[in-house]
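J.: See model.pdb below, with PDB, C-alpha atoms and all ligand atoms.
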```pdb
ATOM      1  CA  MET B   1     -17.470  18.092  -9.526
ATOM      2  CA  ASN B   2     -20.277  16.437 -11.414
ATOM      3  CA  PRO B   3     -21.798  13.630  -9.371
ATOM      4  CA  ARG B   4     -21.052  10.942 -11.953
ATOM      5  CA  ARG B   5     -17.336  11.705 -12.016
ATOM      6  CA  ALA B   6     -17.301  11.906  -8.220
ATOM      7  CA  ALA B   7     -18.982   8.506  -7.935
ATOM      8  CA  THR B   8     -16.466   6.954 -10.335
ATOM      9  CA  ILE B   9     -13.526   8.271  -8.348
ATOM     10  CA  VAL B  10     -15.062   7.151  -5.047
ATOM     11  CA  ARG B  11     -15.470   3.635  -6.444
ATOM     12  CA  ARG B  12     -11.857   3.540  -7.621
ATOM     13  CA  ALA B  13     -10.650   4.871  -4.280
ATOM     14  CA  ARG B  14     -12.533   2.017  -2.596
ATOM     15  CA  ALA B  15     -10.879  -0.391  -5.008
ATOM     16  CA  ALA B  16      -7.447   0.935  -4.018
ATOM     17  CA  LEU B  17      -7.999   0.295  -0.302
ATOM     18  CA  LEU B  18      -9.902  -2.965  -0.763
ATOM     19  CA  GLY B  19      -7.331  -4.093  -3.330
ATOM     20  CA  GLY B  20      -4.559  -3.526  -0.827
ATOM     21  CA  ALA B  21      -6.324  -5.595   1.836
ATOM     22  CA  VAL B  22      -7.075  -8.375  -0.632
ATOM     23  CA  GLY B  23      -3.410  -8.443  -1.696
ATOM     24  CA  ASP B  24      -2.306  -8.636   1.928
ATOM     25  CA  ALA B  25      -4.720 -11.490   2.737
ATOM     26  CA  LEU B  26      -3.776 -13.383  -0.439
ATOM     27  CA  GLY B  27      -0.034 -12.875  -0.079
ATOM     28  CA  ALA B  28       0.166 -13.678   3.634
ATOM     29  CA  THR B  29      -0.125 -17.375   2.762
ATOM     30  CA  THR B  30       3.072 -17.329   0.692
ATOM     31  CA  GLU B  31       5.069 -14.812   2.742
ATOM     32  CA  PHE B  32       8.667 -15.969   3.203
ATOM     33  CA  MET B  33       8.198 -18.949   0.869
ATOM     34  CA  LYS B  34      10.340 -19.495  -2.204
ATOM     35  CA  PRO B  35       8.571 -19.740  -5.593
ATOM     36  CA  ALA B  36       9.630 -23.399  -5.913
ATOM     37  CA  GLN B  37       8.088 -24.216  -2.512
ATOM     38  CA  ILE B  38       4.864 -22.488  -3.541
ATOM     39  CA  ARG B  39       4.712 -24.514  -6.764
ATOM     40  CA  GLU B  40       5.364 -27.728  -4.891
ATOM     41  CA  ARG B  41       2.892 -27.176  -2.031
ATOM     42  CA  ILE B  42       0.139 -25.153  -3.701
ATOM     43  CA  GLY B  43       0.706 -25.084  -7.438
ATOM     44  CA  VAL B  44      -0.357 -21.580  -8.409
ATOM     45  CA  HIS B  45      -1.523 -19.667  -5.342
ATOM     46  CA  ARG B  46      -4.728 -17.853  -6.354
ATOM     47  CA  GLU B  47      -7.219 -18.352  -3.500
ATOM     48  CA  ILE B  48      -7.392 -16.620  -0.127
ATOM     49  CA  THR B  49      -6.841 -19.564   2.172
ATOM     50  CA  GLY B  50      -5.061 -18.118   5.219
ATOM     51  CA  GLY B  51      -2.342 -20.212   6.822
ATOM     52  CA  GLY B  52       1.200 -19.137   6.094
ATOM     53  CA  TRP B  53       3.854 -18.583   8.740
ATOM     54  CA  LEU B  54       1.380 -16.542  10.824
ATOM     55  CA  ASN B  55      -1.186 -19.351  10.649
ATOM     56  CA  LEU B  56      -3.938 -16.944   9.648
ATOM     57  CA  LEU B  57      -7.633 -17.570   9.166
ATOM     58  CA  PRO B  58      -8.774 -17.285   5.546
ATOM     59  CA  GLY B  59      -9.266 -13.590   4.797
ATOM     60  CA  GLN B  60      -7.306 -12.385   7.783
ATOM     61  CA  VAL B  61      -5.099  -9.370   7.040
ATOM     62  CA  THR B  62      -1.798  -8.381   8.625
ATOM     63  CA  ASP B  63       0.237  -5.318   9.602
ATOM     64  CA  ASP B  64       0.145  -3.932   6.055
ATOM     65  CA  THR B  65      -3.617  -3.410   6.204
ATOM     66  CA  GLU B  66      -3.657  -2.612   9.925
ATOM     67  CA  MET B  67      -1.141   0.216   9.514
ATOM     68  CA  THR B  68      -2.992   1.452   6.412
ATOM     69  CA  LEU B  69      -6.127   1.656   8.571
ATOM     70  CA  CYS B  70      -4.182   3.669  11.177
ATOM     71  CA  VAL B  71      -3.112   6.166   8.492
ATOM     72  CA  ALA B  72      -6.612   6.396   7.007
ATOM     73  CA  ARG B  73      -8.350   6.817  10.371
ATOM     74  CA  GLY B  74      -5.732   9.322  11.505
ATOM     75  CA  ILE B  75      -6.397  11.463   8.438
ATOM     76  CA  VAL B  76     -10.181  11.174   8.423
ATOM     77  CA  GLN B  77     -10.753  11.672  12.127
ATOM     78  CA  ALA B  78      -8.524  14.751  12.473
ATOM     79  CA  ARG B  79      -9.758  18.149  11.298
ATOM     80  CA  GLU B  80      -6.707  18.712   9.102
ATOM     81  CA  TRP B  81      -3.426  16.936   8.289
ATOM     82  CA  ASN B  82      -2.148  15.828  11.678
ATOM     83  CA  LEU B  83       0.812  13.492  11.780
ATOM     84  CA  ALA B  84       0.433  12.931  15.525
ATOM     85  CA  ALA B  85      -3.061  11.549  14.931
ATOM     86  CA  ILE B  86      -1.482   8.893  12.696
ATOM     87  CA  ALA B  87       1.442   8.188  15.026
ATOM     88  CA  ASP B  88      -0.931   7.848  18.002
ATOM     89  CA  ARG B  89      -2.885   5.217  16.109
ATOM     90  CA  PHE B  90       0.330   3.353  15.293
ATOM     91  CA  ALA B  91       1.221   3.447  19.002
ATOM     92  CA  HIS B  92      -2.195   2.200  20.037
ATOM     93  CA  TRP B  93      -2.014  -0.564  17.438
ATOM     94  CA  LEU B  94       1.450  -1.674  18.591
ATOM     95  CA  SER B  95       0.371  -1.699  22.233
ATOM     96  CA  GLY B  96      -2.296  -4.248  21.307
ATOM     97  CA  GLY B  97       0.420  -6.766  20.389
ATOM     98  CA  PRO B  98      -0.227  -7.315  16.665
ATOM     99  CA  ALA B  99       0.635 -10.741  15.258
ATOM    100  CA  ASP B 100       3.185  -9.199  12.929
ATOM    101  CA  VAL B 101       5.092  -5.934  12.915
ATOM    102  CA  GLY B 102       8.249  -5.029  11.016
ATOM    103  CA  ALA B 103      11.374  -4.265  13.048
ATOM    104  CA  THR B 104      11.756  -0.740  11.621
ATOM    105  CA  CYS B 105       8.102   0.063  12.273
ATOM    106  CA  ARG B 106       8.372  -1.197  15.832
ATOM    107  CA  ARG B 107      11.507   0.826  16.504
ATOM    108  CA  GLY B 108      10.027   4.006  15.016
ATOM    109  CA  ILE B 109       6.756   3.697  16.917
ATOM    110  CA  LEU B 110       8.495   3.014  20.239
ATOM    111  CA  GLU B 111      10.729   6.009  19.597
ATOM    112  CA  TYR B 112       7.628   8.142  19.024
ATOM    113  CA  VAL B 113       6.031   6.897  22.228
ATOM    114  CA  GLU B 114       9.159   7.819  24.150
ATOM    115  CA  THR B 115      10.081  11.152  22.560
ATOM    116  CA  ARG B 116       6.883  12.319  20.785
ATOM    117  CA  ARG B 117       9.109  13.154  17.820
ATOM    118  CA  LEU B 118       7.222  12.655  14.562
ATOM    119  CA  ALA B 119      10.261  12.063  12.362
ATOM    120  CA  THR B 120      12.923   9.513  13.013
ATOM    121  CA  ALA B 121      16.543  10.374  12.104
ATOM    122  CA  PRO B 122      17.963   9.274   8.727
ATOM    123  CA  ASN B 123      19.059   5.668   8.979
ATOM    124  CA  GLU B 124      20.995   3.430   6.571
ATOM    125  CA  GLY B 125      18.821   0.481   7.567
ATOM    126  CA  ASP B 126      15.481   2.128   6.832
ATOM    127  CA  ALA B 127      15.158   1.048   3.174
ATOM    128  CA  GLY B 128      12.494  -1.510   4.067
ATOM    129  CA  ASN B 129       8.971  -1.503   2.635
ATOM    130  CA  GLY B 130       7.077  -0.644   5.861
ATOM    131  CA  ALA B 131       6.333   2.963   4.912
ATOM    132  CA  ALA B 132       5.411   2.297   1.270
ATOM    133  CA  MET B 133       2.944  -0.442   2.256
ATOM    134  CA  ARG B 134       0.686   2.059   4.068
ATOM    135  CA  VAL B 135       0.798   5.064   1.731
ATOM    136  CA  ALA B 136      -2.478   4.506  -0.165
ATOM    137  CA  PRO B 137      -4.687   6.630   2.142
ATOM    138  CA  VAL B 138      -2.333   9.591   1.624
ATOM    139  CA  ALA B 139      -2.691   9.200  -2.153
ATOM    140  CA  LEU B 140      -6.490   9.344  -1.801
ATOM    141  CA  TYR B 141      -6.404  12.320   0.548
ATOM    142  CA  THR B 142      -4.075  14.377  -1.697
ATOM    143  CA  LEU B 143      -5.765  13.470  -4.992
ATOM    144  CA  GLY B 144      -5.424  16.318  -7.471
ATOM    145  CA  ASP B 145      -2.155  17.642  -6.031
ATOM    146  CA  GLU B 146       0.961  15.550  -6.697
ATOM    147  CA  GLU B 147       3.190  18.074  -4.882
ATOM    148  CA  LEU B 148       1.132  17.711  -1.736
ATOM    149  CA  LEU B 149       1.206  13.935  -2.153
ATOM    150  CA  SER B 150       5.018  13.984  -2.299
ATOM    151  CA  ARG B 151       5.247  15.997   0.888
ATOM    152  CA  LEU B 152       2.692  14.099   2.952
ATOM    153  CA  ALA B 153       3.700  10.629   1.721
ATOM    154  CA  VAL B 154       7.197  11.289   3.018
ATOM    155  CA  GLU B 155       5.946  12.814   6.279
ATOM    156  CA  GLN B 156       3.940   9.711   7.101
ATOM    157  CA  ALA B 157       6.949   7.574   6.137
ATOM    158  CA  HIS B 158       9.310   9.384   8.485
ATOM    159  CA  ILE B 159       7.339   8.367  11.550
ATOM    160  CA  THR B 160       9.161   5.043  11.193
ATOM    161  CA  HIS B 161      11.374   5.029   8.063
ATOM    162  CA  HIS B 162      13.869   7.696   7.026
ATOM    163  CA  HIS B 163      15.737   6.685   3.913
ATOM    164  CA  PRO B 164      15.789   8.133   0.371
ATOM    165  CA  LEU B 165      14.753   4.808  -1.195
ATOM    166  CA  SER B 166      11.765   4.444   1.107
ATOM    167  CA  ASP B 167      10.798   8.087   0.522
ATOM    168  CA  ALA B 168      11.044   7.685  -3.250
ATOM    169  CA  ALA B 169       9.016   4.461  -3.177
ATOM    170  CA  CYS B 170       6.248   6.089  -1.132
ATOM    171  CA  VAL B 171       5.961   8.990  -3.570
ATOM    172  CA  SER B 172       6.027   6.718  -6.579
ATOM    173  CA  VAL B 173       3.432   4.255  -5.273
ATOM    174  CA  GLY B 174       1.206   7.178  -4.288
ATOM    175  CA  THR B 175       1.593   8.774  -7.701
ATOM    176  CA  MET B 176       0.697   5.562  -9.494
ATOM    177  CA  ILE B 177      -2.393   5.151  -7.304
ATOM    178  CA  GLN B 178      -3.468   8.725  -8.032
ATOM    179  CA  ARG B 179      -2.955   8.365 -11.772
ATOM    180  CA  GLY B 180      -4.948   5.135 -11.685
ATOM    181  CA  LEU B 181      -7.785   6.874  -9.847
ATOM    182  CA  LEU B 182      -7.809   9.659 -12.429
ATOM    183  CA  ARG B 183      -7.852   7.172 -15.312
ATOM    184  CA  THR B 184      -4.556   8.488 -16.647
ATOM    185  CA  PRO B 185      -3.484   6.282 -19.578
ATOM    186  CA  LEU B 186      -1.120   3.457 -18.623
ATOM    187  CA  ALA B 187       1.837   5.422 -20.024
ATOM    188  CA  GLY B 188       1.333   7.899 -17.186
ATOM    189  CA  LEU B 189       1.756   5.170 -14.590
ATOM    190  CA  ARG B 190       4.773   3.848 -16.431
ATOM    191  CA  ALA B 191       6.244   7.353 -16.454
ATOM    192  CA  ALA B 192       6.059   7.384 -12.640
ATOM    193  CA  ALA B 193       7.921   4.054 -12.482
ATOM    194  CA  GLU B 194      10.502   5.274 -14.983
ATOM    195  CA  GLU B 195      11.080   8.490 -13.100
ATOM    196  CA  LEU B 196      11.691   6.458  -9.960
ATOM    197  CA  ALA B 197      14.236   4.231 -11.737
ATOM    198  CA  ALA B 198      15.946   7.238 -13.317
ATOM    199  CA  ARG B 199      16.456   8.786  -9.918
ATOM    200  CA  HIS B 200      17.292   5.528  -8.115
ATOM    201  CA  PRO B 201      18.507   2.743 -10.442
ATOM    202  CA  GLU B 202      17.868   0.246  -7.611
ATOM    203  CA  PHE B 203      14.228   0.287  -8.745
ATOM    204  CA  ARG B 204      14.856  -0.688 -12.380
ATOM    205  CA  PHE B 205      12.547  -3.599 -13.067
ATOM    206  CA  GLU B 206      13.488  -4.456 -16.664
ATOM    207  CA  GLY B 207      15.159  -7.857 -16.503
ATOM    208  CA  TYR B 208      13.615  -8.409 -13.057
ATOM    209  CA  ASP B 209      15.433 -11.220 -11.220
ATOM    210  CA  GLY B 210      12.436 -12.581  -9.304
ATOM    211  CA  LYS B 211      13.634 -11.418  -5.914
ATOM    212  CA  SER B 212      10.854 -10.350  -3.524
ATOM    213  CA  SER B 213      12.190  -9.181  -0.188
ATOM    214  CA  ALA B 214      11.342  -6.510   2.384
ATOM    215  CA  TYR B 215      14.068  -4.279   0.881
ATOM    216  CA  VAL B 216      11.839  -1.695  -0.756
ATOM    217  CA  PRO B 217      13.527  -1.774  -4.206
ATOM    218  CA  ASP B 218      12.965  -5.562  -4.317
ATOM    219  CA  THR B 219       9.338  -5.136  -3.269
ATOM    220  CA  LEU B 220       8.631  -2.447  -5.852
ATOM    221  CA  ARG B 221      10.443  -4.303  -8.631
ATOM    222  CA  THR B 222       8.249  -7.321  -7.867
ATOM    223  CA  VAL B 223       5.130  -5.172  -8.003
ATOM    224  CA  LEU B 224       6.100  -3.178 -11.089
ATOM    225  CA  ASP B 225       7.141  -6.266 -13.038
ATOM    226  CA  ALA B 226       3.794  -7.919 -12.251
ATOM    227  CA  PHE B 227       1.711  -4.806 -12.846
ATOM    228  CA  PHE B 228       3.220  -3.926 -16.225
ATOM    229  CA  SER B 229       3.291  -7.491 -17.547
ATOM    230  CA  THR B 230      -0.358  -8.378 -16.826
ATOM    231  CA  GLY B 231      -3.694  -6.974 -17.944
ATOM    232  CA  SER B 232      -6.024  -7.536 -15.004
ATOM    233  CA  PHE B 233      -6.209  -7.058 -11.254
ATOM    234  CA  GLU B 234      -6.352 -10.800 -10.661
ATOM    235  CA  GLU B 235      -3.363 -11.701 -12.846
ATOM    236  CA  CYS B 236      -1.284  -8.872 -11.390
ATOM    237  CA  LEU B 237      -1.946 -10.082  -7.849
ATOM    238  CA  VAL B 238      -1.435 -13.755  -8.650
ATOM    239  CA  LYS B 239       1.890 -13.018 -10.312
ATOM    240  CA  THR B 240       2.983 -10.856  -7.385
ATOM    241  CA  VAL B 241       2.210 -13.244  -4.535
ATOM    242  CA  ASN B 242       3.610 -16.312  -6.304
ATOM    243  CA  ARG B 243       7.051 -14.691  -6.073
ATOM    244  CA  GLY B 244       6.939 -15.484  -2.355
ATOM    245  CA  GLY B 245       9.348 -13.499  -0.210
ATOM    246  CA  ASP B 246       7.566 -10.494   1.248
ATOM    247  CA  ALA B 247       4.456 -11.616  -0.584
ATOM    248  CA  ASP B 248       1.803  -9.976   1.596
ATOM    249  CA  THR B 249       3.451  -6.565   1.422
ATOM    250  CA  ALA B 250       4.130  -6.811  -2.312
ATOM    251  CA  GLY B 251       0.512  -8.022  -2.630
ATOM    252  CA  ALA B 252      -0.793  -5.058  -0.627
ATOM    253  CA  ILE B 253       1.095  -2.535  -2.775
ATOM    254  CA  ALA B 254       0.191  -4.271  -6.040
ATOM    255  CA  GLY B 255      -3.438  -4.463  -4.891
ATOM    256  CA  ALA B 256      -3.597  -0.736  -4.174
ATOM    257  CA  ILE B 257      -2.114   0.254  -7.539
ATOM    258  CA  ALA B 258      -4.057  -2.336  -9.542
ATOM    259  CA  GLY B 259      -7.252  -1.542  -7.622
ATOM    260  CA  ALA B 260      -6.939   2.132  -8.541
ATOM    261  CA  ARG B 261      -6.207   1.258 -12.154
ATOM    262  CA  TYR B 262      -8.743  -1.513 -12.825
ATOM    263  CA  GLY B 263     -11.527  -0.476 -10.448
ATOM    264  CA  LEU B 264     -13.862  -2.201  -8.035
ATOM    265  CA  SER B 265     -15.540  -4.592 -10.455
ATOM    266  CA  ALA B 266     -12.139  -6.016 -11.477
ATOM    267  CA  ILE B 267     -11.413  -7.336  -7.970
ATOM    268  CA  PRO B 268     -12.555 -10.959  -7.905
ATOM    269  CA  ARG B 269     -15.733 -11.280  -5.878
ATOM    270  CA  ARG B 270     -14.423 -14.367  -4.100
ATOM    271  CA  TRP B 271     -11.457 -12.388  -2.788
ATOM    272  CA  VAL B 272     -13.539  -9.452  -1.584
ATOM    273  CA  ASN B 273     -15.994 -11.823   0.094
ATOM    274  CA  ALA B 274     -13.136 -13.568   1.918
ATOM    275  CA  LEU B 275     -12.434 -10.389   3.893
ATOM    276  CA  ASP B 276     -14.213  -9.640   7.141
ATOM    277  CA  ALA B 277     -17.444  -7.707   6.427
ATOM    278  CA  GLY B 278     -16.633  -5.043   9.022
ATOM    279  CA  LEU B 279     -13.234  -4.453   7.453
ATOM    280  CA  ARG B 280     -14.770  -4.180   3.984
ATOM    281  CA  GLU B 281     -17.270  -1.610   5.161
ATOM    282  CA  GLU B 282     -14.707   0.436   7.023
ATOM    283  CA  LEU B 283     -12.309   0.487   4.055
ATOM    284  CA  ALA B 284     -15.112   1.557   1.726
ATOM    285  CA  SER B 285     -16.186   4.320   4.072
ATOM    286  CA  LEU B 286     -12.638   5.563   4.734
ATOM    287  CA  ALA B 287     -11.860   5.587   1.003
ATOM    288  CA  GLU B 288     -14.860   7.807   0.313
ATOM    289  CA  GLN B 289     -14.097  10.176   3.175
ATOM    290  CA  LEU B 290     -10.443  10.459   2.114
ATOM    291  CA  VAL B 291     -11.148  11.436  -1.496
ATOM    292  CA  ARG B 292     -13.934  13.803  -0.455
ATOM    293  CA  LYS B 293     -11.335  15.694   1.612
ATOM    294  CA  SER B 294      -8.918  15.843  -1.342
ATOM    295  CA  PRO B 295      -7.942  18.990  -3.280
ATOM    296  CA  LEU B 296      -9.661  17.515  -6.348
ATOM    297  CA  PHE B 297     -13.051  17.398  -4.610
ATOM    298  CA  ASP B 298     -12.416  20.605  -2.726
ATOM    299  CA  ARG B 299     -11.765  22.627  -5.837
ATOM    300  CA  ALA B 300     -14.668  21.350  -7.840
TER     301      ALA B 300
HETATM  302 MN    MN I 401       2.258  -8.208   6.677
HETATM  303 MN    MN I 402       5.158  -8.571   4.725
END
```
As structure tokens - that is how I would like this structure written.
T.:
Amino acid sequence: MNPRRAATIVRRARAALLGGAVGDALGATTEFMKPAQIRERIGVHREITGGGWLNLLPGQVTDDTEMTLCVARGIVQAREWNLAAIADRFAHWLSGGPADVGATCRRGILEYVETRRLATAPNEGDAGNGAAMRVAPVALYTLGDEELLSRLAVEQAHITHHHPLSDAACVSVGTMIQRGLLRTPLAGLRAAAEELAARHPEFRFEGYDGKSSAYVPDTLRTVLDAFFSTGSFEECLVKTVNRGGDADTAGAIAGAIAGARYGLSAIPRRWVNALDAGLREELASLAEQLVRKSPLFDRA
């Protein structure tokens, strides 16, 4: 690949991971709040201030970013695709007693620790957003091969979540991130969202009702409504997190998609600077290593 194109894609890949972390840190403040409460207490939430139900420091991230790091490190540090390397990092992370962890993630990780099985059984209750929130590194790693993305996005999901709606959301979020990275026109990202809704009408976001919950169709509808009705990274994220509900997770997913689409320079400097410097550097480095391992870079 010519070095200029490679550099552009590396920068966008960094924007996807940094965007996700920024969305998590921004949204954590309004997680579990109702939009009316946000308006009353904050007005429009558009600064990374910490607080929230987890009483975070400004710029602190939560499980969404921590599990994304586990996936990214598990991919980069193993020689080839190795699901156990990811699951082991989840297990190590959980053993450290994270401030927040979703119930389905906890159950799946504990099951892995006990049985070493890398795929949990299909479960009616697994339509939460815990697998979709951490899929971005897989999108970077499989760039240039949407079939491979579909397979690996679902494999990483099944460590903790095994449900057709979660699987479909993971593939769709990953596809949108990849198309953003490749500078596919917006219609290509919309096509991914429309394909998802055609297959699973639960994800239809036209006439969105404003509900942001941890049920993955609600999370994605929140993200898709915000993404397709705004024209910048900042406005997309602000709209997403002011819905409250599962605001940090919706923020993380919106940040990854919008980061890939709008690029590094579109992420407000004040938000990037609010993150821990070590985290910023690690995300930037992981993003580059992930895309350099991808089929797109491999071929060229
Ligand atoms: Mn979280
Ligand atoms: Mn959350």
J.: Would you write out, as a tab-separated table, a table of all residues in chain B that have an atom no more than 8 Å from an atom of ligand MN 401 (chain I), listing for each the closest atom pair and the distance in Å to one decimal, considering only C-alpha atoms and all ligand atoms and ordering rows by chain and rising residue number?
T.:
```
residue	atom	partner	partner_atom	distance
B:Asp24	CA	I:MN401	MN	6.6
B:Ala28	CA	I:MN401	MN	6.6
B:Val61	CA	I:MN401	MN	7.5
B:Thr62	CA	I:MN401	MN	4.5
B:Asp63	CA	I:MN401	MN	4.6
B:Asp64	CA	I:MN401	MN	4.8
B:Thr65	CA	I:MN401	MN	7.6
B:Asp100	CA	I:MN401	MN	6.4
B:Val101	CA	I:MN401	MN	7.2
B:Asp246	CA	I:MN401	MN	7.9
B:Asp248	CA	I:MN401	MN	5.4
B:Thr249	CA	I:MN401	MN	5.6
```
J.: Go through chain B residue by residue and, counting only C-alpha atoms and all ligand atoms, keep those with an atom at most 12 Å from ligand MN 402 (chain I); for each kept residue give the shortest atom pair and its distance in Å to one decimal, ordered by chain and increasing number, as a Markdown table.
T.:
```
| residue | atom | partner | partner_atom | distance |
| --- | --- | --- | --- | --- |
| B:Gly23 | CA | I:MN402 | MN | 10.7 |
| B:Asp24 | CA | I:MN402 | MN | 8.0 |
| B:Ala25 | CA | I:MN402 | MN | 10.5 |
| B:Leu26 | CA | I:MN402 | MN | 11.4 |
| B:Gly27 | CA | I:MN402 | MN | 8.3 |
| B:Ala28 | CA | I:MN402 | MN | 7.2 |
| B:Thr29 | CA | I:MN402 | MN | 10.5 |
| B:Thr30 | CA | I:MN402 | MN | 9.9 |
| B:Glu31 | CA | I:MN402 | MN | 6.5 |
| B:Phe32 | CA | I:MN402 | MN | 8.3 |
| B:Met33 | CA | I:MN402 | MN | 11.5 |
| B:Gly52 | CA | I:MN402 | MN | 11.4 |
| B:Trp53 | CA | I:MN402 | MN | 10.9 |
| B:Leu54 | CA | I:MN402 | MN | 10.7 |
| B:Val61 | CA | I:MN402 | MN | 10.5 |
| B:Thr62 | CA | I:MN402 | MN | 8.0 |
| B:Asp63 | CA | I:MN402 | MN | 7.7 |
| B:Asp64 | CA | I:MN402 | MN | 7.0 |
| B:Thr65 | CA | I:MN402 | MN | 10.3 |
| B:Glu66 | CA | I:MN402 | MN | 11.8 |
| B:Met67 | CA | I:MN402 | MN | 11.8 |
| B:Ala99 | CA | I:MN402 | MN | 11.7 |
| B:Asp100 | CA | I:MN402 | MN | 8.5 |
| B:Val101 | CA | I:MN402 | MN | 8.6 |
| B:Gly102 | CA | I:MN402 | MN | 7.9 |
| B:Ala103 | CA | I:MN402 | MN | 11.2 |
| B:Cys105 | CA | I:MN402 | MN | 11.8 |
| B:Gly128 | CA | I:MN402 | MN | 10.2 |
| B:Asn129 | CA | I:MN402 | MN | 8.3 |
| B:Gly130 | CA | I:MN402 | MN | 8.2 |
| B:Ala131 | CA | I:MN402 | MN | 11.6 |
| B:Ala132 | CA | I:MN402 | MN | 11.4 |
| B:Met133 | CA | I:MN402 | MN | 8.8 |
| B:Arg134 | CA | I:MN402 | MN | 11.6 |
| B:Ser212 | CA | I:MN402 | MN | 10.2 |
| B:Ser213 | CA | I:MN402 | MN | 8.6 |
| B:Ala214 | CA | I:MN402 | MN | 6.9 |
| B:Tyr215 | CA | I:MN402 | MN | 10.6 |
| B:Val216 | CA | I:MN402 | MN | 11.0 |
| B:Thr219 | CA | I:MN402 | MN | 9.7 |
| B:Val241 | CA | I:MN402 | MN | 10.8 |
| B:Gly244 | CA | I:MN402 | MN | 10.1 |
| B:Gly245 | CA | I:MN402 | MN | 8.1 |
| B:Asp246 | CA | I:MN402 | MN | 4.6 |
| B:Ala247 | CA | I:MN402 | MN | 6.2 |
| B:Asp248 | CA | I:MN402 | MN | 4.8 |
| B:Thr249 | CA | I:MN402 | MN | 4.2 |
| B:Ala250 | CA | I:MN402 | MN | 7.3 |
| B:Gly251 | CA | I:MN402 | MN | 8.7 |
| B:Ala252 | CA | I:MN402 | MN | 8.7 |
| B:Ile253 | CA | I:MN402 | MN | 10.4 |
```
J.: Using only C-alpha atoms for the distances, tell me which of B:Gln178, B:Asn273, B:Ser285, B:Thr120 is nearest to B:Val154.
T.: B:Thr120
J.: On this file, the PyMOL selection byres (((chain B and resi 221) around 7) and not hetatm) gives some set of residues; write that set as a list in words.
T.: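 With the PyMOL selection byres (((chain B and resi 221) around 7) and not hetatm) on this model, the match is Phe203, Arg204, Phe205, Tyr208, Pro217, Asp218, Thr219, Leu220, Thr222, Val223, Leu224 and Asp225 of chain B.
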J.: How many Å lie between atom CA of B:Arg106 and atom CA of B:Val171, rounded to one decimal?
T.: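 Atom CA of B:Arg106 sits 22.0 Å away from atom CA of B:Val171.
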J.: Evaluating the PyMOL selection byres (((chain B and resi 73) around 10) and not hetatm) on the displayed file yields which residues, as a VMD selection string?
T.: chain B and resid 67 to 72 74 to 78 85 to 86 89 137 282 to 283 286 289 to 290
J.: Would you list the contacts of B:Leu189 as a count of residues only, taking every protein, DNA or RNA residue within 9 Å and counting all atoms listed in the file, but skipping same-chain residues closer than 2 positions in sequence?
T.: 13
J.: Could you jot down the atom CA of B:Glu146 to atom CA of B:Glu111 separation for me, Å, one decimal place?
T.: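 Taking atom CA of B:Glu146 as the start and atom CA of B:Glu111 as the end point, the length is 29.6 Å.
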J.: Calculated over all atoms listed in the file, which of the candidates B:Leu110, B:Ala226, B:Leu182, B:Leu83 has the smallest distance to B:Ala157?
T.: B:Leu83
J.: Applying the PyMOL selection byres (((chain B and resi 265) around 12) and not hetatm) to the file I just gave you, which residues come out? Please list them as an NGL selection string.
T.: :B and (8 or 11-12 or 14-16 or 18-19 or 232-234 or 258-264 or 266-272)
J.: May I ask which of the residues B:Lys239, B:Glu281, B:Gly231, B:Ala119 is the closest one to B:Pro35, counting only C-alpha atoms?
T.: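 Of all the options, B:Lys239 lies closest to B:Pro35.
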J.: Could you please determine the separation between atom CA of B:Cys170 and atom CA of B:Tyr141 in Å, to one decimal place?
T.: 14.2 Å
J.: Return the single residue from B:Gly174, B:Gly125, B:Gly207, B:Gly97 that is closest to B:His161, with distances computed using all atoms listed in the file.
T.: B:Gly125
J.: For B:Ala287, which of B:Asp126, B:Gly144, B:Ile9, B:Arg41 is the closest residue, counting all atoms listed in the file?
T.: B:Ile9
J.: Just checking: using all atoms listed in the file, which residue out of B:Glu195, B:Leu148, B:Ile257, B:Thr160 ends up closest to B:Val173?
T.: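 Checking each candidate against B:Val173, we get B:Ile257 as the closest.
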J.: Hey, what's within 10 Å of B:Ser294 if we count all atoms listed in the file and toss same-chain stuff fewer than 5 positions away? As number ranges by chain, please?
T.: B: 138-145, 289, 299
